[in-house]
Amino acid sequence: MFTFAAFCYMLSLVLCASLIFFAIWHITAFDELQADFKVPIDQGNPLHARERLRNIERICCLLRKLVLPEYSIHGLFCIMFLCAQEWLTVGLNIPLFFYNTWRYFHSPTDTKELLYDPASVMNGDTLKFCQKEAWCKMSFFVLSFFYYLYCMVYSLQTGNLSDSWLFQMPILSARITQQPLGERISPACSFHSLYPWI
Amino acid sequence: MAKTKELSKDVRDKIVDLHKAGMGYKNIAKQLGEKGALNIIERTIPQPRVQQLSVEKLSREGAFLMDTGSVIYLWTGRNCNPNFLTQVLGVPKYAALSQNMMSSTGFSSQNGAGGPPYANGPSQNPVALKPPGPGYNMAHQTPYNPMQAKSPMPPGLGLYNSGPYQPIPPVSSYQSLPGQPMLNRPPMGPPQPMTPPQSASPGPGPRMPPAQATPPPPVSANNYQYPPAWQYGGPPPIGAPHPMAIPPLGPVANHVTSSPSLAPPQASSAGYSAAPPPVFHNAMQPLGPPTSLHGYTQQGSAPPPMNPMAAPHSYQPGMRAPYGPPPSMRPTPPPTGPPMGNATPPLGPKTDGNMPTPGNGAQVPNSFDHLETGPKMTGPLPPQQPGPPARHMGLSYPSLPPGYQNTSAPPNASTMHHPMQPSTQPYSHAPQPYQQPSAGPAQLSPSLAGLSLQSQTPEALRVVNLLQERNLLPPGPVTPPTPCLPQDLQKINCHPDVFRSTLTSIPQTQSLLNKAKLPLGLLLHPFKDLSQLPVVTSSTIVRCRSCRTYINPFVTFLDQRRWKCNLCYRVNDVPEEFMYNPVSRSYGEPHKRPEVQNATIEFIAPSEYMLRPPQPAVYLIVLDVSHNAVETGYLDVVCQSLLENINALPGDSRTKIGFITFDSTIHFYNLQETLSQPQMLIVSDIEDIFLPTPDSLLVNLNECKELVQDLLKSLPQMFGKTMETQSALGPALQAAFKLLSPTGGRVSVFQTQLPSLGVGALKSREDPNQRASAKDIQHLSPATDFYKKLALDCSGQQVAVDLFLLSSQYCDLASLGCISRYSAGSVYYYPSYHQQHNPAGVECFQKDLKRYLTRKIGFEAVMRIRCTKGLSIHTFHGNFFVRSTDLLSLPNVNPDAGFAVQMSIEENLVDMQSVSFQAALLYTSSKGERRIRVHTMCLPVVNSLSDIFAGADVQAITGLLASMAVDRSVTASLSDARDAMTNASIDSLTSYRTSVLTIQQPGLLAPACLRLFPLYILALLKQKAFRTGTSTRLDDRVFAMCQLKYQPLAYVMLMIHPALYRVDDLTDEGALNIIERTIPQPRVQQLSVEKLSREGAFLMDAGSVIYLWIGRNCNPNFLTQVLGVPNYAALSQNMNMLPELDTAESQRTRAFVGWLREQRPFFPILHVIRDESPLKASFLQNMIEDRTESALSYYEFLLHVQQQVSK
């Protein structure tokens, strides 16, 4: 049965794919940032300096441009599922939503330019944190992609997700919830390492 | 050989003939009518038969000696002849034999199994057999040598904890070298620690120039070894050793003749025997007192080496007062003693011809013996050695020197430090020294720990109850701890002023580090002005092929052709060119190249290090000429300084200079050669800035000097009547950027007010009423990112912006500072600058400007910091742009810039003895040369918490914490940062209490090395940057934060914890003598009002400012003689300098103040303060141990910490 919930899941499937793409893009971007020091003989060259700086700024600029779309898409998920009264799904997404909000307003850089400040992104710590974050997000989105797929199919068939066997099988549901929870925890931990205070 | 000397010539000839005939020495002896025993210098050395190596040959009734080169075993049969047991081993029966017997008895027995027992004090001879030297290469050496070798080992190692470290690369590397004479040097290694720097195994020869400069280092090294010695001599090893070292030579020469001097030379040469003599000469001679040596030098190459020996021993003299000067000699002799064989033999053989040898040999040792208490030992030894020498003439010498060191060292250690231990133990100690620190300190009660000063570690770990011991400040400056490295490594390690680690012992794992709760990081001052810097010009710079590390003293040479990187452990080839040593002009000694001998070195880079031609020195001066700026009168000072120093600007014939002034418009100056006078071009379109005549704005300084001078002379008047109050700093900076982007260079911006026009305009964000009361300080982060973005652009174009802020009002340094921060510039701030109202500020500005204009500068620089695999750098502090995870982009680098990095341990450093850090700074000098300055530091790895604590460098930790706290207050909040700092001290002390201390006592316990930690933290909390509750202007605060981040540690520490001296009673006692000036050294006082007395005058050195506080009832003598006023009331409120009076007191005081000022690159203003002075408040604010309205006193703070620690 094609319910609003089913529609939400379909839409989120598509958007989730784009989020996965964003995450992959993040990962490659950070790799590229980091890869520089593999480059052979000295970046001591002034010419190289300019290229390198431009490169960093370009990457940071692109990354920044992705920040708002990513956060808003994810925010949209939460609102949609809230409207569709898919509580479990909302519950899975809320932690990330709060994390995003927090990250947006408490960017670890000292500019108003949000995250990915070219002047500090190359600090080993920041870079590592960003990489970890990107990987975590990607795995989260991949998992939720399959979860949405399942939910979409299920809701299309039954129309009411809460009747599904999923909720009669506590073990399975626990397993599914576990993953997102893990996601929530790991960014928090790694953020701690961003300010390694002693 | 030594023996032969005594024989008459015909006998000698006969021996030689027989030898040629293929006879062994026994047969020869027979021929000569001596049965199985060689007669050596009046001693009979029995020559037992060599037995087959089979158990079957051992009999229970006998005693057998096995000589394995590095170790000599004396196997005593169960039913051994009781006579042997009592007469030789000194035990009543077999059962009474100690398991660990290694005494001299054993030693003597080695000489000749059957030989007459030398009844030397067995226990005294530390040399004992015990230490199977770490692979002493005894190959060439006769049995004796091994002994010596062994003996040497213990002393060096023992004291030092070297045990564990022996594996150290350099040493081992040499050893591994197959059969190369040069390589043999390694064996020297262990003993070498003792020897002066030159003799240091790595490369006495090559280092020549440095060696001279370095004498002090060896001394310091010594400290370690002989911690006990200090008890007598006191801390100032550096000063003391020198004088001592020299005197020894004199005396020695007199009474001993050449022997002492010769011995040392031999020692050094021994290792190098293969090495070309010239090397030594060069290196060594500079050190020694030339005159005394000369006499000896003739005799042999030996003399020069002497010097090194003397230096190391110098402390010993300190220990034994009675011996005085002669003792100084002894230091060397002791070496001779044990090595005696070495020392004397050489003498014997060589000198004999000239001198009555037998007598000499014996005498010499004796004289030295005093030191060791083992006259007996030395006596016997010399003779013994002669025996061995017979076999190998040349070789024996080399190995011997080490022996000296050993013997001398051990006795001291054993007798002095471990009185409680049984005599035999001292020996056993030696090998294990290293473990002691860890176990020992923890288990010993504080008092005991104090006694067992065997190594530095225990002292550092001495438990101090902070609540009970009030005066924790050392009388002089706080010295950084020395890493527990073998001496030869330590000697060449990077100077702590340049490269310093918060933990001089690196924990093995991250979890261990976390447990210690101490931050791990490095503090660097990479471009520091150095008086001695070896510069190498080479077409190939040897670097590791995989990690690009520059070759350094801590790499391992596997053989002559291969070296192993100490950072990534890759094995690399030694290029052909590197085989030649330009210093000694010898071939085949890669390990003696200057690159491998100096931890700090500069390369002149070949062309592959530049893609474009090195940039010329380019200076652009950007001046604020608005009404406000003209009012302060700073233009005069700037123009005057420039005029005076225009020839001193670093640069070459390509140097360029340009000027921009701005108010609400931007003014350029066309200085083209063809013009008769400077032409001003005004650009009023500040929205879209452009360069009117791009070619002629930056001109060659040499070609257009007259025009430039004209401009500088007329500039101050040009704007005298301006009524323009606006300031368009942003557009001016953009213009400067455009002007300099083709070349790169330095922009000096002088700004006096808040920029109000165009891009980058700022608004005042400070509410003065909130300064003191605000719960949290706002606006520490920039208001706009314009300056940061521009700075990044500048960085990309190799342009650095230095900011001079002269203002009386809020200027938003937090925003403006970004322009310097990310372009690697520097920030200067002169609050309330005014030509008339603030003469002290003007003087300060002048002096700073002079330094700024004339100091060294490096352009288009990058700095890369590498560390051993397993460690990683994660955060940088300072002014720069981080371009890669380990690469800092520094458009300009100046000698006053400091950097800090935080590190983490990513992989466990389990198999490593030590780790290395290398900072390489690649820059273009003002002469257009591309240069690379490389600093390498090596630190030991430890696996126990107590070792970590023992190696903590409290100043470095404080400096790093301060940088971290600055970051924290910007990203989080000031109160957060303050809490974090307090917690840092609480956590580390808690960790110490719970993990290291086994005996729990009441009170706040800290290891001695961290005893100042809570004090420094409290000082940080009361520092301008972090204090709350006191009215602090936002700009002052932000400036203090900038300084904490980019000043080198030495200056930061003064800012944090000023030094207070009482100066009304300066005397010449303990004064320093520098170039004919006498500089009194008063004691550092605690920063508490309680220390101030009304009768005194106190000088507070707070880094950028010096206060002279005069008590109301101050000694009238001081007032008249130093200050030149009749009485207290006549003191001026605004006195800023000391009058130059021709009195001893005045000279002393001025010498002291002048000396303090010389030690830093900036000019601290002197404020004379009396009771009513307005500055009294700021003086008293530095009294950090006292309680203020808003902050705890030191004691209260300690109580607070204690409360938290005991929770």
# chains A, B, ... in the order shown; residues from 1 in each chain; ligands from 1
$ select_by_dssp --residues "stretch 643-885 of chain B" --states "strand (DSSP E or B)" --output "PyMOL selection string"
chain B and resi 656-662+666-670+679-683+699-700+745-751+799-807+827-831+858-867+871-877+881-884
$ interface_residues --of "chain B" --to "chain A" --cutoff "9 Å" --atoms "only C-alpha atoms" --output "ChimeraX atom specification"
/B:514,517-520,548,608-612,781-785,788-789,792-793,795-798,822,860-863,872-876,880-887,889,891,922-923,961,964,968,970-972,980,984,987
$ write_last_selection --atoms "C-alpha atoms" --output "PDB file, in the first residue's frame"
ATOM      1  CA  ASN B 514      47.625   9.089  29.229  1.00  0.00           C
ATOM      2  CA  LYS B 517      48.552  13.039  32.425  1.00  0.00           C
ATOM      3  CA  LEU B 518      51.369  15.178  31.163  1.00  0.00           C
ATOM      4  CA  PRO B 519      51.229  16.748  27.737  1.00  0.00           C
ATOM      5  CA  LEU B 520      53.684  15.461  25.183  1.00  0.00           C
ATOM      6  CA  ARG B 548      63.580  12.183   3.510  1.00  0.00           C
ATOM      7  CA  GLU B 608      67.238  21.145  -6.953  1.00  0.00           C
ATOM      8  CA  TYR B 609      65.797  22.716  -3.823  1.00  0.00           C
ATOM      9  CA  MET B 610      64.502  25.692  -5.757  1.00  0.00           C
ATOM     10  CA  LEU B 611      62.060  25.845  -8.569  1.00  0.00           C
ATOM     11  CA  ARG B 612      62.509  29.505  -9.071  1.00  0.00           C
ATOM     12  CA  SER B 781      38.142  35.344  18.230  1.00  0.00           C
ATOM     13  CA  PRO B 782      38.306  37.527  15.137  1.00  0.00           C
ATOM     14  CA  ALA B 783      35.326  39.591  14.140  1.00  0.00           C
ATOM     15  CA  THR B 784      35.904  39.068  10.465  1.00  0.00           C
ATOM     16  CA  ASP B 785      37.787  36.550   8.471  1.00  0.00           C
ATOM     17  CA  LYS B 788      42.741  35.609   7.848  1.00  0.00           C
ATOM     18  CA  LYS B 789      41.890  35.081   4.216  1.00  0.00           C
ATOM     19  CA  LEU B 792      46.425  32.931   3.603  1.00  0.00           C
ATOM     20  CA  ASP B 793      46.739  34.608   0.243  1.00  0.00           C
ATOM     21  CA  SER B 795      51.200  32.986   2.670  1.00  0.00           C
ATOM     22  CA  GLY B 796      50.636  31.513  -0.756  1.00  0.00           C
ATOM     23  CA  GLN B 797      52.656  34.326  -2.295  1.00  0.00           C
ATOM     24  CA  GLN B 798      55.401  34.146   0.307  1.00  0.00           C
ATOM     25  CA  TYR B 822      48.695  32.987   9.341  1.00  0.00           C
ATOM     26  CA  GLU B 860      59.951  31.692   1.566  1.00  0.00           C
ATOM     27  CA  ALA B 861      60.590  29.208   4.309  1.00  0.00           C
ATOM     28  CA  VAL B 862      59.025  25.928   5.187  1.00  0.00           C
ATOM     29  CA  MET B 863      59.612  23.909   8.284  1.00  0.00           C
ATOM     30  CA  SER B 872      52.807  11.653  15.213  1.00  0.00           C
ATOM     31  CA  ILE B 873      52.406  15.355  15.429  1.00  0.00           C
ATOM     32  CA  HIS B 874      48.896  16.586  15.715  1.00  0.00           C
ATOM     33  CA  THR B 875      48.738  20.229  16.636  1.00  0.00           C
ATOM     34  CA  PHE B 876      50.999  23.148  15.961  1.00  0.00           C
ATOM     35  CA  PHE B 880      52.383  29.976  10.347  1.00  0.00           C
ATOM     36  CA  PHE B 881      50.126  28.221   7.928  1.00  0.00           C
ATOM     37  CA  VAL B 882      49.949  24.435   8.196  1.00  0.00           C
ATOM     38  CA  ARG B 883      50.357  23.149   4.710  1.00  0.00           C
ATOM     39  CA  SER B 884      50.644  19.466   5.352  1.00  0.00           C
ATOM     40  CA  THR B 885      50.261  17.456   8.453  1.00  0.00           C
ATOM     41  CA  ASP B 886      53.916  17.967   9.239  1.00  0.00           C
ATOM     42  CA  LEU B 887      54.800  20.971   7.150  1.00  0.00           C
ATOM     43  CA  SER B 889      54.582  27.296   5.614  1.00  0.00           C
ATOM     44  CA  PRO B 891      56.715  33.112   4.276  1.00  0.00           C
ATOM     45  CA  LEU B 922      64.328  25.427   4.479  1.00  0.00           C
ATOM     46  CA  TYR B 923      64.646  29.128   3.765  1.00  0.00           C
ATOM     47  CA  LEU B 961      50.033  24.165  28.346  1.00  0.00           C
ATOM     48  CA  MET B 964      47.027  24.903  24.459  1.00  0.00           C
ATOM     49  CA  ARG B 968      41.170  26.586  24.234  1.00  0.00           C
ATOM     50  CA  VAL B 970      39.469  30.979  21.716  1.00  0.00           C
ATOM     51  CA  THR B 971      37.577  27.861  20.688  1.00  0.00           C
ATOM     52  CA  ALA B 972      35.793  27.311  23.954  1.00  0.00           C
ATOM     53  CA  ALA B 980      41.872  22.939  32.094  1.00  0.00           C
ATOM     54  CA  ALA B 984      46.397  19.656  34.302  1.00  0.00           C
ATOM     55  CA  ASP B 987      45.752  15.312  37.188  1.00  0.00           C
TER      56      ASP B 987
END
$ residues_around --residues "stretch 135-151 of chain A" --least-positions-apart "2" --cutoff "7 Å" --atoms "only C-alpha atoms" --output "ChimeraX atom specification"
/A:9,13,16,19-20,23-24,27,131-133,153-155,180,183
$ atom_distance --atom1 "atom CA of B:Gln955" --atom2 "atom CA of B:Ser511"
23.4 Å
$ atom_distance --atom1 "atom CA of B:Ser926" --atom2 "atom CA of B:Asp802"
17.0 Å
$ select_by_dssp --residues "stretch 46-145 of chain A" --states "alpha helix (DSSP H)" --output "VMD selection string"
chain A and resid 46 to 83 87 to 105 124 to 145
$ residues_around --residues "B:Leu671" --least-positions-apart "6" --cutoff "12 Å" --atoms "only C-alpha atoms" --output "VMD selection string"
chain B and resid 656 to 660 677 to 681 693 to 712
$ write_last_selection --atoms "N, CA and C atoms" --output "PDB file, in the first residue's frame"
ATOM      1  N   LYS B 656      65.013  45.083  -2.293  1.00  0.00           N
ATOM      2  CA  LYS B 656      64.040  46.069  -2.759  1.00  0.00           C
ATOM      3  C   LYS B 656      63.283  46.642  -1.579  1.00  0.00           C
ATOM      4  N   ILE B 657      62.815  47.834  -1.768  1.00  0.00           N
ATOM      5  CA  ILE B 657      62.057  48.462  -0.695  1.00  0.00           C
ATOM      6  C   ILE B 657      60.940  49.292  -1.301  1.00  0.00           C
ATOM      7  N   GLY B 658      59.879  49.457  -0.558  1.00  0.00           N
ATOM      8  CA  GLY B 658      58.765  50.258  -1.035  1.00  0.00           C
ATOM      9  C   GLY B 658      57.996  50.821   0.144  1.00  0.00           C
ATOM     10  N   PHE B 659      57.199  51.838  -0.123  1.00  0.00           N
ATOM     11  CA  PHE B 659      56.430  52.472   0.957  1.00  0.00           C
ATOM     12  C   PHE B 659      54.992  52.662   0.528  1.00  0.00           C
ATOM     13  N   ILE B 660      54.120  52.480   1.449  1.00  0.00           N
ATOM     14  CA  ILE B 660      52.712  52.813   1.243  1.00  0.00           C
ATOM     15  C   ILE B 660      52.261  53.537   2.504  1.00  0.00           C
ATOM     16  N   GLN B 677      62.837  63.589  -7.074  1.00  0.00           N
ATOM     17  CA  GLN B 677      62.350  63.435  -5.710  1.00  0.00           C
ATOM     18  C   GLN B 677      61.172  62.471  -5.713  1.00  0.00           C
ATOM     19  N   PRO B 678      60.883  61.860  -4.557  1.00  0.00           N
ATOM     20  CA  PRO B 678      59.811  60.857  -4.513  1.00  0.00           C
ATOM     21  C   PRO B 678      58.493  61.449  -4.981  1.00  0.00           C
ATOM     22  N   GLN B 679      57.740  60.634  -5.633  1.00  0.00           N
ATOM     23  CA  GLN B 679      56.477  61.106  -6.186  1.00  0.00           C
ATOM     24  C   GLN B 679      55.362  60.344  -5.494  1.00  0.00           C
ATOM     25  N   MET B 680      54.441  61.082  -4.946  1.00  0.00           N
ATOM     26  CA  MET B 680      53.354  60.422  -4.233  1.00  0.00           C
ATOM     27  C   MET B 680      52.172  60.215  -5.160  1.00  0.00           C
ATOM     28  N   LEU B 681      51.647  58.992  -5.182  1.00  0.00           N
ATOM     29  CA  LEU B 681      50.487  58.695  -6.022  1.00  0.00           C
ATOM     30  C   LEU B 681      49.351  58.306  -5.100  1.00  0.00           C
ATOM     31  N   THR B 693      51.482  52.490 -10.629  1.00  0.00           N
ATOM     32  CA  THR B 693      52.620  52.194 -11.501  1.00  0.00           C
ATOM     33  C   THR B 693      53.363  50.998 -10.926  1.00  0.00           C
ATOM     34  N   PRO B 694      52.935  49.824 -11.271  1.00  0.00           N
ATOM     35  CA  PRO B 694      53.423  48.627 -10.595  1.00  0.00           C
ATOM     36  C   PRO B 694      54.944  48.487 -10.617  1.00  0.00           C
ATOM     37  N   ASP B 695      55.592  49.049 -11.600  1.00  0.00           N
ATOM     38  CA  ASP B 695      57.028  48.785 -11.743  1.00  0.00           C
ATOM     39  C   ASP B 695      57.905  49.628 -10.844  1.00  0.00           C
ATOM     40  N   SER B 696      57.429  50.797 -10.508  1.00  0.00           N
ATOM     41  CA  SER B 696      58.359  51.710  -9.855  1.00  0.00           C
ATOM     42  C   SER B 696      58.035  51.921  -8.375  1.00  0.00           C
ATOM     43  N   LEU B 697      57.131  51.119  -7.847  1.00  0.00           N
ATOM     44  CA  LEU B 697      56.781  51.305  -6.441  1.00  0.00           C
ATOM     45  C   LEU B 697      57.742  50.559  -5.531  1.00  0.00           C
ATOM     46  N   LEU B 698      58.203  49.431  -6.030  1.00  0.00           N
ATOM     47  CA  LEU B 698      59.212  48.691  -5.288  1.00  0.00           C
ATOM     48  C   LEU B 698      60.527  48.914  -6.003  1.00  0.00           C
ATOM     49  N   VAL B 699      61.485  49.494  -5.333  1.00  0.00           N
ATOM     50  CA  VAL B 699      62.702  49.840  -6.043  1.00  0.00           C
ATOM     51  C   VAL B 699      63.915  49.201  -5.376  1.00  0.00           C
ATOM     52  N   ASN B 700      64.952  49.094  -6.153  1.00  0.00           N
ATOM     53  CA  ASN B 700      66.190  48.547  -5.614  1.00  0.00           C
ATOM     54  C   ASN B 700      66.773  49.512  -4.597  1.00  0.00           C
ATOM     55  N   LEU B 701      66.989  49.016  -3.436  1.00  0.00           N
ATOM     56  CA  LEU B 701      67.407  49.884  -2.343  1.00  0.00           C
ATOM     57  C   LEU B 701      68.754  50.546  -2.623  1.00  0.00           C
ATOM     58  N   ASN B 702      69.655  49.777  -3.190  1.00  0.00           N
ATOM     59  CA  ASN B 702      70.980  50.351  -3.419  1.00  0.00           C
ATOM     60  C   ASN B 702      70.969  51.428  -4.482  1.00  0.00           C
ATOM     61  N   GLU B 703      70.159  51.195  -5.507  1.00  0.00           N
ATOM     62  CA  GLU B 703      70.162  52.159  -6.596  1.00  0.00           C
ATOM     63  C   GLU B 703      69.410  53.432  -6.246  1.00  0.00           C
ATOM     64  N   CYS B 704      68.428  53.295  -5.413  1.00  0.00           N
ATOM     65  CA  CYS B 704      67.587  54.462  -5.152  1.00  0.00           C
ATOM     66  C   CYS B 704      67.686  54.923  -3.709  1.00  0.00           C
ATOM     67  N   LYS B 705      68.807  54.669  -3.111  1.00  0.00           N
ATOM     68  CA  LYS B 705      68.909  54.956  -1.688  1.00  0.00           C
ATOM     69  C   LYS B 705      68.640  56.428  -1.377  1.00  0.00           C
ATOM     70  N   GLU B 706      69.116  57.290  -2.247  1.00  0.00           N
ATOM     71  CA  GLU B 706      68.944  58.712  -1.943  1.00  0.00           C
ATOM     72  C   GLU B 706      67.485  59.124  -1.938  1.00  0.00           C
ATOM     73  N   LEU B 707      66.775  58.598  -2.921  1.00  0.00           N
ATOM     74  CA  LEU B 707      65.345  58.926  -2.957  1.00  0.00           C
ATOM     75  C   LEU B 707      64.646  58.399  -1.719  1.00  0.00           C
ATOM     76  N   VAL B 708      65.016  57.214  -1.359  1.00  0.00           N
ATOM     77  CA  VAL B 708      64.384  56.621  -0.171  1.00  0.00           C
ATOM     78  C   VAL B 708      64.686  57.479   1.045  1.00  0.00           C
ATOM     79  N   GLN B 709      65.921  57.913   1.137  1.00  0.00           N
ATOM     80  CA  GLN B 709      66.273  58.740   2.291  1.00  0.00           C
ATOM     81  C   GLN B 709      65.518  60.069   2.272  1.00  0.00           C
ATOM     82  N   ASP B 710      65.400  60.621   1.083  1.00  0.00           N
ATOM     83  CA  ASP B 710      64.608  61.851   0.964  1.00  0.00           C
ATOM     84  C   ASP B 710      63.202  61.643   1.480  1.00  0.00           C
ATOM     85  N   LEU B 711      62.635  60.555   1.017  1.00  0.00           N
ATOM     86  CA  LEU B 711      61.258  60.271   1.414  1.00  0.00           C
ATOM     87  C   LEU B 711      61.152  60.127   2.924  1.00  0.00           C
ATOM     88  N   LEU B 712      62.086  59.387   3.504  1.00  0.00           N
ATOM     89  CA  LEU B 712      62.018  59.155   4.941  1.00  0.00           C
ATOM     90  C   LEU B 712      62.168  60.463   5.711  1.00  0.00           C
TER      91      LEU B 712
END
$ residues_around --residues "stretch 716-730 of chain B" --least-positions-apart "4" --cutoff "8 Å" --atoms "only C-alpha atoms" --output "PyMOL selection string"
chain B and resi 624-628+630+635-636+639+662-666+686+712+734+751+753-761+787
